Structures are given as structure tokens and as C-alpha cells.
file target-v4.txt (compact mmCIF, C-alpha atoms)
# COMPACT_ATOMS: atom_id res chain seq x y z
CA MET F 1 -0.05 -84.43 47.91
CA LEU F 2 1.91 -81.47 46.62
CA SER F 3 4.10 -79.56 48.98
CA ASN F 4 3.87 -75.83 49.55
CA LYS F 5 7.25 -75.28 47.87
CA VAL F 6 6.05 -76.88 44.64
CA ILE F 7 2.83 -74.80 44.55
CA ILE F 8 4.62 -71.51 45.27
CA GLY F 9 7.35 -72.33 42.74
CA SER F 10 4.73 -73.09 40.07
CA ILE F 11 2.89 -69.83 40.66
CA ALA F 12 6.14 -67.83 40.60
CA SER F 13 7.30 -69.43 37.35
CA LEU F 14 3.91 -68.79 35.73
CA GLY F 15 4.20 -65.15 36.74
CA LEU F 16 7.70 -64.95 35.27
CA VAL F 17 6.59 -66.60 32.01
CA PHE F 18 3.61 -64.25 31.59
CA GLY F 19 5.80 -61.26 32.44
CA ILE F 20 8.41 -62.15 29.83
CA ALA F 21 5.73 -62.97 27.25
CA GLU F 22 4.28 -59.50 27.75
CA GLY F 23 7.68 -57.95 27.03
CA GLN F 24 8.39 -56.56 30.45
CA THR F 25 8.28 -57.79 33.99
CA MET F 26 6.17 -56.26 36.70
CA ALA F 27 9.23 -54.95 38.58
CA GLN F 28 10.38 -52.91 35.60
CA MET F 29 7.06 -51.10 35.04
CA THR F 30 7.16 -47.40 35.71
CA HIS F 31 4.45 -45.99 37.89
CA GLU F 32 4.31 -42.43 36.72
CA ILE F 33 1.17 -40.36 36.88
CA PRO F 34 0.18 -39.41 33.33
CA THR F 35 -0.28 -35.72 32.76
CA SER F 36 -1.73 -35.82 29.28
CA GLU F 37 -5.06 -34.28 28.33
CA THR F 38 -6.69 -37.69 27.79
CA SER F 39 -6.62 -38.50 31.51
CA GLN F 40 -8.35 -35.25 32.39
CA THR F 41 -11.29 -35.87 30.04
CA THR F 42 -12.36 -38.92 32.05
CA GLN F 43 -12.89 -36.82 35.17
CA PHE F 44 -15.98 -34.75 35.91
CA ARG F 45 -15.91 -31.11 34.98
CA ARG F 46 -18.37 -28.49 36.11
CA ILE F 47 -20.37 -26.95 33.29
CA GLU F 48 -22.09 -23.73 34.27
CA GLN F 49 -25.60 -23.22 32.92
CA PRO F 50 -27.48 -19.94 32.72
CA LEU F 51 -30.06 -19.35 35.43
CA TRP F 52 -32.95 -19.39 32.95
CA VAL F 53 -31.98 -22.95 31.83
CA LYS F 54 -31.97 -24.16 35.44
CA GLY F 55 -35.35 -22.52 36.01
CA ALA F 56 -36.85 -24.00 32.82
CA ILE F 57 -35.72 -27.52 33.74
CA THR F 58 -37.07 -27.14 37.28
CA ALA F 59 -40.41 -25.81 36.00
CA GLY F 60 -40.64 -28.64 33.45
CA GLY F 61 -39.99 -31.24 36.15
CA LEU F 62 -42.63 -29.73 38.43
CA ALA F 63 -45.11 -29.66 35.54
CA LEU F 64 -44.53 -33.36 34.85
CA ILE F 65 -45.01 -34.20 38.53
CA GLY F 66 -48.28 -32.24 38.52
CA LEU F 67 -49.43 -34.04 35.35
CA GLU F 68 -48.75 -37.44 36.93
CA LEU F 69 -50.65 -36.52 40.09
CA TRP F 70 -53.61 -35.29 38.05
CA TRP F 71 -53.61 -38.40 35.83
CA PHE F 72 -53.44 -40.97 38.60
CA LEU F 73 -55.47 -39.23 41.30
CA LEU F 74 -57.93 -36.80 39.76
CA SER F 75 -58.65 -37.55 36.11
CA LYS F 76 -60.73 -40.71 36.49
CA LEU F 77 -63.25 -39.64 39.10
CA LYS F 78 -66.21 -39.84 36.74
CA SER F 79 -69.50 -40.46 38.44
CA GLN F 80 -72.88 -41.51 37.06
CA LYS F 81 -76.24 -41.81 38.78
CA ALA F 82 -78.26 -44.87 37.90
CA GLU F 83 -81.41 -44.38 35.84
CA ALA F 84 -84.54 -46.33 36.79
CA HIS F 85 -86.19 -48.45 34.07
CA ASN F 86 -89.19 -50.59 35.11
CA GLY F 87 -88.22 -50.39 38.78
CA ILE F 88 -84.60 -51.44 38.16
CA GLN F 89 -81.73 -48.97 38.50
CA GLU F 90 -79.47 -49.46 35.51
CA VAL F 91 -75.99 -48.23 34.52
CA ASN F 92 -73.83 -49.16 31.53
CA ILE F 93 -70.13 -49.57 32.39
CA THR F 94 -67.39 -49.87 29.78
CA VAL F 95 -64.42 -52.00 30.81
CA ASP F 96 -61.40 -50.74 28.86
CA GLY F 97 -58.23 -50.21 30.88
CA GLY F 98 -60.43 -49.62 33.93
CA TYR F 99 -64.11 -48.94 34.57
CA GLU F 100 -65.95 -46.06 32.89
CA PRO F 101 -67.70 -44.68 34.88
CA SER F 102 -65.69 -45.68 37.91
CA ARG F 103 -68.16 -44.24 40.43
CA ILE F 104 -71.84 -45.22 40.38
CA VAL F 105 -74.57 -43.73 42.55
CA VAL F 106 -77.70 -45.81 43.29
CA ASN F 107 -80.57 -45.76 45.79
CA GLY F 108 -80.65 -48.38 48.53
CA GLY F 109 -83.35 -51.04 48.77
CA GLN F 110 -84.02 -51.10 45.02
CA PRO F 111 -82.77 -53.61 42.43
CA VAL F 112 -79.61 -52.59 40.56
CA ARG F 113 -78.40 -53.86 37.17
CA LEU F 114 -74.88 -52.97 36.13
CA ASN F 115 -74.25 -53.74 32.45
CA PHE F 116 -70.52 -54.37 31.92
CA LEU F 117 -69.22 -54.15 28.34
CA ARG F 118 -65.66 -55.51 28.32
CA ARG F 119 -63.50 -54.21 25.47
CA ASP F 120 -60.10 -54.82 27.05
CA PRO F 121 -58.69 -58.29 26.25
CA SER F 122 -56.31 -58.36 29.23
CA GLY F 123 -56.74 -61.23 31.66
CA CYS F 124 -56.99 -58.92 34.66
CA LEU F 125 -60.34 -57.51 33.54
CA GLU F 126 -61.95 -60.90 32.80
CA GLN F 127 -63.77 -60.77 36.10
CA VAL F 128 -65.50 -58.14 38.24
CA VAL F 129 -65.74 -58.72 41.99
CA PHE F 130 -68.12 -57.09 44.50
CA PRO F 131 -66.76 -58.48 47.79
CA ASP F 132 -69.39 -56.82 50.01
CA PHE F 133 -72.21 -58.44 48.01
CA HIS F 134 -70.41 -61.80 47.50
CA ILE F 135 -70.50 -61.41 43.70
CA ALA F 136 -67.78 -62.53 41.28
CA GLN F 137 -68.88 -62.35 37.65
CA GLU F 138 -66.93 -63.37 34.54
CA LEU F 139 -67.00 -60.73 31.79
CA GLN F 140 -67.02 -61.93 28.18
CA LEU F 141 -65.01 -59.93 25.65
CA ASN F 142 -67.11 -57.50 23.52
CA GLN F 143 -70.35 -58.62 25.18
CA ILE F 144 -72.64 -56.98 27.72
CA THR F 145 -72.70 -58.90 31.01
CA PRO F 146 -75.38 -57.81 33.51
CA VAL F 147 -74.71 -57.97 37.25
CA GLU F 148 -77.89 -57.71 39.34
CA PHE F 149 -78.31 -57.30 43.10
CA ILE F 150 -80.20 -55.27 45.70
CA PRO F 151 -78.05 -53.09 47.97
CA GLN F 152 -79.76 -52.62 51.33
CA GLN F 153 -77.41 -50.50 53.46
CA PRO F 154 -76.26 -47.00 52.46
CA GLY F 155 -72.51 -46.56 52.07
CA GLN F 156 -69.66 -46.87 49.63
CA TYR F 157 -68.79 -50.29 48.28
CA THR F 158 -65.78 -51.01 46.10
CA PHE F 159 -65.70 -53.33 43.13
CA ALA F 160 -62.56 -54.45 41.35
CA CYS F 161 -61.10 -56.68 38.69
CA GLY F 162 -60.07 -60.22 39.56
CA MET F 163 -56.54 -59.09 40.46
CA ASN F 164 -57.71 -56.01 42.40
CA MET F 165 -55.70 -53.69 40.12
CA PHE F 166 -58.61 -51.71 38.64
CA ARG F 167 -61.29 -50.45 41.01
CA GLY F 168 -64.57 -48.64 41.07
CA VAL F 169 -66.98 -47.45 43.75
CA LEU F 170 -70.69 -48.10 44.15
CA GLU F 171 -72.25 -45.41 46.33
CA VAL F 172 -75.59 -46.44 47.84
CA LYS F 173 -77.78 -43.54 48.98
CA ALA F 174 -80.47 -43.90 51.61
CA THR F 175 -84.01 -43.78 50.23
CA GLY F 176 -86.16 -41.25 51.87
call {"tool": "encode", "arguments": {"input": "target-v4.txt", "output": "C-alpha cells"}}
result
Amino acid sequence: MLSNKVIIGSIASLGLVFGIAEGQTMAQMTHEIPTSETSQTTQFRRIEQPLWVKGAITAGGLALIGLELWWFLLSKLKSQKAEAHNGIQEVNITVDGGYEPSRIVVNGGQPVRLNFLRRDPSGCLEQVVFPDFHIAQELQLNQITPVEFIPQQPGQYTFACGMNMFRGVLEVKATG
């Protein structure tokens, strides 16, 4: 086992060798604060902007926030009432980055046929799930897949893709 004196002596001699190889030892280095212009350019400097520039940037930021809110919360609330054909309420739904229409209105106690046309090849939209009706249907790409059921109770029922990322609402109205 090496003694402490040998380890400390080895480290000190390595430091001396590297110091000489560099051309100067650590003890001889001067520690002056440089006053050249190059050191001042690395620090932050305040740049004054006219008031109209500050206002324009603030207004642009608020406009972008408003656009995002509209896009994600208000733009896709498209509703369609089912049309009755031979006693069956029918709606065509396009599946392309979501469900179009995403809100469907039907009457309760009558058969419903939702025709899903999947155009989006993503794996998330391969399946549509109606958890309240215990329906999970695979959707073939570029083909119409009908989903048929009879909603009995009025209310709002959600349907979603297999990963629950894209959603729609089925609103069942009371017959009367």
C-alpha cells in the first residue's frame, strides 16, 4: 500500500511538471482584472426600445394567446343533428385528425347508425370507443365503418379514439 507521503509527492510533482510545461507556474500568474472592451461585451447591457415597439410586441403576444385559445377550445365545436332514414338516425363522421362533426345530436329510444370514414392513418384513430354503450369498433382506413346502437337515456355521452386523445360528444335528446 502506498503511503500518504508518496501520493502527495506524486500529485505535487505532476502539478510542477504541468506548470513548467505551460511556461509559467501557478504562483507566478498575475490576477489582474482586465479592463479592455472585450470583457464588457460579454456582460448584459440595457437596450432601450421605443414605447410603440413594446406595445406592438405585447399586442402580438396577446393575439397569439387568443388564437391558441380559439383554436383549441372554440373552433371545433361543430354539431350535426342526425337525419332519419327508414327509421334509423344516421350521421356521417369523417375521422381526420379528430372527428368531424365532433358533436352529434340524436333522439333517444331510436336506432342510431354512425358512419365513420377514417382518412387519418395514425394508429390513435384506428378505433372508436363508446364507453357508456360498451362499444369499441375498429375503423378501417379509407372505408366507411358503421356503428349501430339504440341510446335509451337522454344525456351527453362521449366517444373517443383508442388512446382517448381525440373526443366527440353524442347528445341524446328525450323523445316527446
call {"tool": "residues_around", "arguments": {"input": "target-v4.txt", "residues": "Leu114 of chain F", "least_positions_apart": "2", "cutoff": "10 Å", "atoms": "only C-alpha atoms", "output": "list in words"}}
result
Ala82, Gln89, Glu90, Val91, Asn92, Ile93, Ile104, Val112, Phe116, Leu117, Ile144, Thr145, Pro146, Val147, Glu148 and Phe149 of chain F
call {"tool": "closest_residue", "arguments": {"input": "target-v4.txt", "among": "F:Met165, F:Thr94, F:Ala56, F:Gln137", "to": "Asn115 of chain F", "atoms": "only C-alpha atoms"}}
result
F:Thr94
call {"tool": "closest_residue", "arguments": {"input": "target-v4.txt", "among": "F:Ser102, F:Ala174, F:Pro151, F:Gly123", "to": "Leu74 of chain F", "atoms": "only C-alpha atoms"}}
result
F:Ser102
call {"tool": "closest_residue", "arguments": {"input": "target-v4.txt", "among": "F:Val172, F:Ala12, F:Val128, F:Leu141", "to": "Val105 of chain F", "atoms": "only C-alpha atoms"}}
result
F:Val172
call {"tool": "closest_residue", "arguments": {"input": "target-v4.txt", "among": "F:Gln80, F:Leu170, F:Gly155, F:Gln43", "to": "Glu100 of chain F", "atoms": "only C-alpha atoms"}}
result
F:Gln80
call {"tool": "residues_near_point", "arguments": {"input": "target-v4.txt", "point": "(-67.7, -55.9, 42.4)", "cutoff": "9 Å", "atoms": "all atoms listed in the file", "output": "list in words"}}
result
Gln127, Val128, Val129, Phe130, Pro131, Asp132, Phe133, His134, Ile135, Ala136, Gln137, Val147, Tyr157, Thr158, Phe159, Ala160, Cys161, Arg167, Gly168, Val169 and Leu170 of chain F
call {"tool": "build_atoms", "arguments": {"input": "target-v4.txt", "residues": "segment 82-93 of chain F", "atoms": "all heavy atoms", "output": "mmCIF file, in the coordinates of the input"}}
result
data_model
loop_
_atom_site.group_PDB
_atom_site.id
_atom_site.type_symbol
_atom_site.label_atom_id
_atom_site.label_comp_id
_atom_site.auth_asym_id
_atom_site.auth_seq_id
_atom_site.Cartn_x
_atom_site.Cartn_y
_atom_site.Cartn_z
ATOM 1 N N ALA F 82 -77.486 -43.841 38.591
ATOM 2 C CA ALA F 82 -78.260 -44.870 37.900
ATOM 3 C C ALA F 82 -79.626 -44.338 37.499
ATOM 4 O O ALA F 82 -80.246 -43.567 38.226
ATOM 5 C CB ALA F 82 -78.425 -46.088 38.809
ATOM 6 N N GLU F 83 -80.082 -44.748 36.329
ATOM 7 C CA GLU F 83 -81.410 -44.380 35.840
ATOM 8 C C GLU F 83 -82.353 -45.563 36.042
ATOM 9 O O GLU F 83 -81.999 -46.702 35.767
ATOM 10 C CB GLU F 83 -81.346 -44.026 34.357
ATOM 11 C CG GLU F 83 -80.485 -42.817 34.064
ATOM 12 C CD GLU F 83 -80.400 -42.531 32.575
ATOM 13 O OE1 GLU F 83 -81.159 -43.149 31.792
ATOM 14 O OE2 GLU F 83 -79.573 -41.702 32.201
ATOM 15 N N ALA F 84 -83.565 -45.274 36.515
ATOM 16 C CA ALA F 84 -84.540 -46.330 36.790
ATOM 17 C C ALA F 84 -85.345 -46.651 35.537
ATOM 18 O O ALA F 84 -85.883 -45.760 34.879
ATOM 19 C CB ALA F 84 -85.471 -45.909 37.915
ATOM 20 N N HIS F 85 -85.389 -47.939 35.197
ATOM 21 C CA HIS F 85 -86.190 -48.450 34.070
ATOM 22 C C HIS F 85 -86.982 -49.639 34.593
ATOM 23 O O HIS F 85 -86.394 -50.661 34.959
ATOM 24 C CB HIS F 85 -85.304 -48.889 32.904
ATOM 25 C CG HIS F 85 -84.476 -47.800 32.322
ATOM 26 N ND1 HIS F 85 -84.996 -46.800 31.553
ATOM 27 C CD2 HIS F 85 -83.144 -47.559 32.412
ATOM 28 C CE1 HIS F 85 -84.026 -45.989 31.171
ATOM 29 N NE2 HIS F 85 -82.892 -46.427 31.692
ATOM 30 N N ASN F 86 -88.304 -49.521 34.638
ATOM 31 C CA ASN F 86 -89.190 -50.590 35.110
ATOM 32 C C ASN F 86 -88.841 -51.028 36.536
ATOM 33 O O ASN F 86 -88.822 -52.219 36.839
ATOM 34 C CB ASN F 86 -89.161 -51.793 34.168
ATOM 35 C CG ASN F 86 -89.638 -51.429 32.777
ATOM 36 O OD1 ASN F 86 -90.517 -50.592 32.605
ATOM 37 N ND2 ASN F 86 -89.039 -52.062 31.781
ATOM 38 N N GLY F 87 -88.513 -50.089 37.384
ATOM 39 C CA GLY F 87 -88.220 -50.390 38.780
ATOM 40 C C GLY F 87 -86.816 -50.892 39.043
ATOM 41 O O GLY F 87 -86.472 -51.235 40.162
ATOM 42 N N ILE F 88 -85.980 -50.972 38.000
ATOM 43 C CA ILE F 88 -84.600 -51.440 38.160
ATOM 44 C C ILE F 88 -83.656 -50.289 37.826
ATOM 45 O O ILE F 88 -83.763 -49.672 36.771
ATOM 46 C CB ILE F 88 -84.298 -52.643 37.242
ATOM 47 C CG1 ILE F 88 -85.206 -53.818 37.591
ATOM 48 C CG2 ILE F 88 -82.835 -53.050 37.336
ATOM 49 C CD1 ILE F 88 -85.055 -55.002 36.674
ATOM 50 N N GLN F 89 -82.738 -50.001 38.747
ATOM 51 C CA GLN F 89 -81.730 -48.970 38.500
ATOM 52 C C GLN F 89 -80.651 -49.567 37.593
ATOM 53 O O GLN F 89 -80.116 -50.633 37.886
ATOM 54 C CB GLN F 89 -81.090 -48.511 39.812
ATOM 55 C CG GLN F 89 -82.116 -47.963 40.797
ATOM 56 C CD GLN F 89 -81.440 -47.644 42.102
ATOM 57 O OE1 GLN F 89 -80.876 -46.574 42.253
ATOM 58 N NE2 GLN F 89 -81.486 -48.579 43.040
ATOM 59 N N GLU F 90 -80.347 -48.876 36.504
ATOM 60 C CA GLU F 90 -79.470 -49.460 35.510
ATOM 61 C C GLU F 90 -78.361 -48.482 35.109
ATOM 62 O O GLU F 90 -78.600 -47.294 34.946
ATOM 63 C CB GLU F 90 -80.292 -49.845 34.274
ATOM 64 C CG GLU F 90 -79.612 -50.802 33.361
ATOM 65 C CD GLU F 90 -80.594 -51.403 32.348
ATOM 66 O OE1 GLU F 90 -81.784 -51.017 32.321
ATOM 67 O OE2 GLU F 90 -80.139 -52.260 31.597
ATOM 68 N N VAL F 91 -77.143 -49.017 34.965
ATOM 69 C CA VAL F 91 -75.990 -48.230 34.520
ATOM 70 C C VAL F 91 -75.169 -49.095 33.567
ATOM 71 O O VAL F 91 -74.954 -50.278 33.823
ATOM 72 C CB VAL F 91 -75.105 -47.802 35.719
ATOM 73 C CG1 VAL F 91 -73.852 -47.090 35.242
ATOM 74 C CG2 VAL F 91 -75.860 -46.921 36.672
ATOM 75 N N ASN F 92 -74.723 -48.486 32.475
ATOM 76 C CA ASN F 92 -73.830 -49.160 31.530
ATOM 77 C C ASN F 92 -72.395 -48.778 31.871
ATOM 78 O O ASN F 92 -72.075 -47.589 31.985
ATOM 79 C CB ASN F 92 -74.157 -48.764 30.091
ATOM 80 C CG ASN F 92 -75.527 -49.233 29.671
ATOM 81 O OD1 ASN F 92 -75.985 -50.297 30.084
ATOM 82 N ND2 ASN F 92 -76.200 -48.433 28.871
ATOM 83 N N ILE F 93 -71.527 -49.786 32.013
ATOM 84 C CA ILE F 93 -70.130 -49.570 32.390
ATOM 85 C C ILE F 93 -69.250 -50.185 31.306
ATOM 86 O O ILE F 93 -69.383 -51.370 30.983
ATOM 87 C CB ILE F 93 -69.817 -50.210 33.756
ATOM 88 C CG1 ILE F 93 -70.728 -49.617 34.828
ATOM 89 C CG2 ILE F 93 -68.353 -50.027 34.115
ATOM 90 C CD1 ILE F 93 -70.681 -50.350 36.148
#
